[in-house]
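*Asks:* Here you go, one structure.
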Amino acid sequence: MKKLFSGKFQLGLQALAMVVIIILANVVLNVYYKRIDLTEDKRFTLSEPTIKLLSGLKDAVYIKVYLEGKGMPPGFNKMHDAIQDMLNEFRIVAGDKIQYQFISPDAMPDKASRDDLLKQLANQGLTPMEVQANEDDKLVQKLIVPGAMLSLNNKNAPAVFINQQVGNLSPEEELNNATMQVEYQLANAVRKLLTTQKQKVAFITGHGELDTMYTADIRKSFREFYDVDLVDLPKYKVGRLDGYKAIVVAKPTLPFSELEKYKIDQFVMRGGRVLWLQDALQAEMDSLRGTEMFATDYQLNLDDLPYKYGVRVNYNLVQDLNCHFIPLLTSSMGSQPQGTQLKWPYFPVITAAAQHPIVTNLGPVLFQFGGTLDTLSSARNIGIKKTVLLQTSPYTKVMSSPVHIDLKMVRGINSKTYHSGFQNVAVLLEGKFTSLFANRLPPNVTESGQYGKFIEKGADAKIIVVSDGDVIKNAYSQAKQMYYPLGFDPWTNQNFNNKAFIMNCMDYMVDESGLISLRTKQYTLRLLDAGLVKAEKNNWKIINMVVPILLIIIFGIIYNYIRKRRFAG
C-alpha cells in the first residue's frame with residue numbers, strides 16, 4: 001500500500017512539474033517571441049524591404065481581400081490561405097497597424113448589390129475573373145476577385161494577385177507564380193499608399209515619338225508612383241533633365257541632333273536612368289493595306305549613343321514562330337465579309353531570358369515588328385554590367401534592311417527556315433558609363449555656362465534598351481475615342497504583360513525601397529503525379545485506414561505492459 005501511494009505521489013509530482021514547465025514556457029515565449037520558418041524555400045520569412053516598410057507605419061492600413069467564398073477551386077483556396085498567412089506575418093511586424101478582413105462578393109444581400117460591388121472593384125483596378133467552381137456537387141461558372149483593396153487615410157491602392165494573360169503555363173503553375181508574388185503585391189500596394197514625395201519621370205518628345213494617346217495608359221500607371229511630364233527636348237538647353245530620375249524615349253521616328261544626344265548623354269553621366277524603346281526600321285500594319293511594303297531605316301542618327309553604352313541596335317526585323325495572330329479577310333458570303341486570325345511571325349510573343357527582378361515570373365510580352373540587339377564586349381564598356389532581359393524563341397528568322405513584308409506569307413510559313421536561334425530584344429545596362437562625347441565635344445560646349453559642366457565619366461546609372469517601340473504602345477480606338485490597357489489586344493481580347501514589364505523596368509531603375517527584389521522569390525511547385533495517384537489510390541486508402549488502428553493497438557499493448565510491470569507486486 002505504501003509502495004502504491006509512493007507511485008501515485010511520484011506521478012502527481014511529475015504531472016505538477018509538467019504543468020509548471022508548460023506555464024513557464026508560455027510566459028517565456030510570450031516575452032521572447034520567435035518564429036522559425038522551417039520551409040525549404042522560406043516562404044513565411046518576410047524580406048528586409050518589407051520589414052522596413054511595415055516598421056515605418058504610423059497609421060493603420062485596412063485591407064479588404066475579396067478572394068473569399070464557397071466552392072472556389074482548390075488552387076484559389078490555397079492562394080487564399082497563402083494571403084492570410086502573409087497578412088499574419090505583416091501583423092507580426094506592424095501589429096495593429098495592419099487590419100484585414102476577407103470578403104465574399106457572393107455574400108452581398110442581392111444580385112444588384114453584388115454586381116455594383118464588382119463594378120466598383122473593376123473601376124479601382126480589381127477585375128473579376130471567371131473560373132469553374134463546384135457548388136452543391138455541380139460545376140458552375142463563377143466570378144471571383146483575386147485581389148485586395150488597401151486603404152490608408154482615405155487613400156486606396158489595389159493589390160492584384162493574378163493578371164489574366166496568354167501563355168503556356170498550366171493553371172497550377174499560374175497560381176503558384178501568383179502565390180510567389182503575394183508579398184510583393186501587398187507590400188507594393190502599401191508603398192503606394194505611403195508615397196508622398198514622388199520621383200519625377202519625363203517622356204521625351206520632339207522626334208516623332210509616340211503620340212500621347214498611345215502612351216496614355218502607361219503614363220496613368222506611372223502617375224501612381226511618379227510625377228510624369230512631357231519634355232520637348234529640342235526646345236531646352238542642357239540641364240533641363242537634371243530634375244528627373246528617369247526619362248522614357250518611346251519610339252522616335254525623326255532624327256536626333258548632336259546637341260540633343262549630348263543632353264541625354266549628360267543626363268546619364270549624372271546618374272540618370274533611361275528606358276529606351278527604339279524601332280530601327282519603319283514597319284507598321286497600317287502600311288500593309290496593299291498587302292506588301294518595304295521596311296527601311298528611320299535614319300535617327302542614334303547608332304552611336306546606345307553603342308557607346310554597350311548595345312548595338314541592329315537594322316533588321318525578327319520573325320518568330322512563337323507569335324501572335326492578326327485578323328485577315330479570307331472570303332465574302334453575300335454582303336458579309338468573312339475573316340480569320342492567322343499567325344503573324346512579325347508579332348513575336350517574347351518571354352523572359354534571365355532570373356532578374358524585372359522579368360521573374362513575367363508572362364509573355366507582345367512585340368510588333370521588333371528588331372534584334374547585340375551586347376558589346378566588355379573591353380568597349382569596362383565596368384558595365386549587361387543583362388539580357390527578353391529573348392525570342394529559338395525558332396526565328398532575321399531579316400536585314402530593307403525588308404520586304406508581304407501579307408501573303410501567313411499562308412505559306414516554312415518552319416524549316418526559322419533556325420536563327422535566340423535573339424536578344426531587351427537588355428539592361430548598369431554601371432558608370434563613359435560619355436559619347438569624350439574627346440569630341442560638340443561646338444560651343446566649352447563656352448561659359450552655356451552647356452553646363454561637361455562630365456566625361458558618369459555616376460552609377462541604368463539604361464534599358466528595347467528593340468521595339470510598340471512594347472509601350474497601348475491600343476486606341478478612333479471610333480470610340482478611348483484607349484485600351486497596355487498589353488490588351490482588342491482584336492483577340494487577349495492580355496499580354498507589356499504593362500507589367502514596363503512598370504517593372506521603371507521600378508527597378510527608380511525605386512530605392514528594394515521591393516522589386518521580392519519578385520525573385522521562388523516557391524517549389526510540388527505537383528502530384530496524376531497517373532501514380534490513380535494507380536495507387538486504393539493502396540493508400542487501405543494504409544490510411546489500417547495503419548492508425550494498428551498504431552493505437554500497439555500503443556495500448558505497450559502501455560498496459562509498462563503499467564503492469566511498474567505496479568506489479
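A note on labels: chains of the C-alpha cells are A, B, ... as shown, every chain counts residues from 1, and ligands are counted from 1 in their shown order.
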With 12 Å as the cut-off and only C-alpha atoms counted, what is the closest atom pair between each nearby residue of range 291-405 of chain A and range 473-478 of chain A? Distances in Å to one decimal, ordered by chain and number, as CSV.

*Replies:*
residue,atom,partner,partner_atom,distance
A:Leu366,CA,A:Lys473,CA,10.5
A:Phe367,CA,A:Lys473,CA,10.1
A:Gln368,CA,A:Lys473,CA,10.0

*Asks:* Output C-alpha atoms for every residue in that selection, as an mmCIF file, in the first residue's frame.

*Replies:*
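To be explicit, this is the file written out as out31.cif:
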data_model
loop_
_atom_site.group_PDB
_atom_site.id
_atom_site.type_symbol
_atom_site.label_atom_id
_atom_site.label_comp_id
_atom_site.auth_asym_id
_atom_site.auth_seq_id
_atom_site.Cartn_x
_atom_site.Cartn_y
_atom_site.Cartn_z
ATOM 1 C CA LEU A 366 3.979 41.182 -77.282
ATOM 2 C CA PHE A 367 6.382 42.766 -79.786
ATOM 3 C CA GLN A 368 5.350 44.216 -83.155
#

*Asks:* Would you return as number ranges by chain the members of range 92-264 of chain A that DSSP assigns to strand (DSSP E) on this structure's backbone?

*Replies:* A: 98-102, 129-135, 138-144, 147-152, 155-160, 199-205, 226-232, 246-250

*Asks:* So that I can check the secondary structure, give me every residue of range 153-211 of chain A assigned alpha helix (DSSP H) by backbone DSSP, as an MDAnalysis selection string.

*Replies:* chainID A and resid 171:180 182:194

*Asks:* Skip Ala122 in chain A itself and residues of its chain fewer than 2 positions away, then list as a PyMOL selection string all residues within 12 Å of it, counting only C-alpha atoms.

*Replies:* chain A and resi 66+115-120+124-129+144-149+158+160

*Asks:* Between A:Asp217, A:Asp489, A:Glu172, A:Asp242, which is the closest to Val201 in chain A once you count only C-alpha atoms?

*Replies:* A:Asp242

*Asks:* To one decimal place, how far is CA of Thr45 in chain A from CA of Glu183 in chain A in Å?

*Replies:*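 One can read the CA of Thr45 in chain A to CA of Glu183 in chain A distance as 10.0 Å.
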
*Asks:* Counting only C-alpha atoms, what is within 7 Å of range 378-392 of chain A, bar same-chain residues fewer than 4 positions away, as number ranges by chain?

*Replies:* A: 309-310, 320, 350-354, 359, 422-432

*Asks:* Hey, which of A:His324, A:Lys200, A:Arg440, A:Arg565 ends up closest to Thr492 in chain A? Count only C-alpha atoms.

*Replies:*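 The closest residue to Thr492 in chain A is A:His324.
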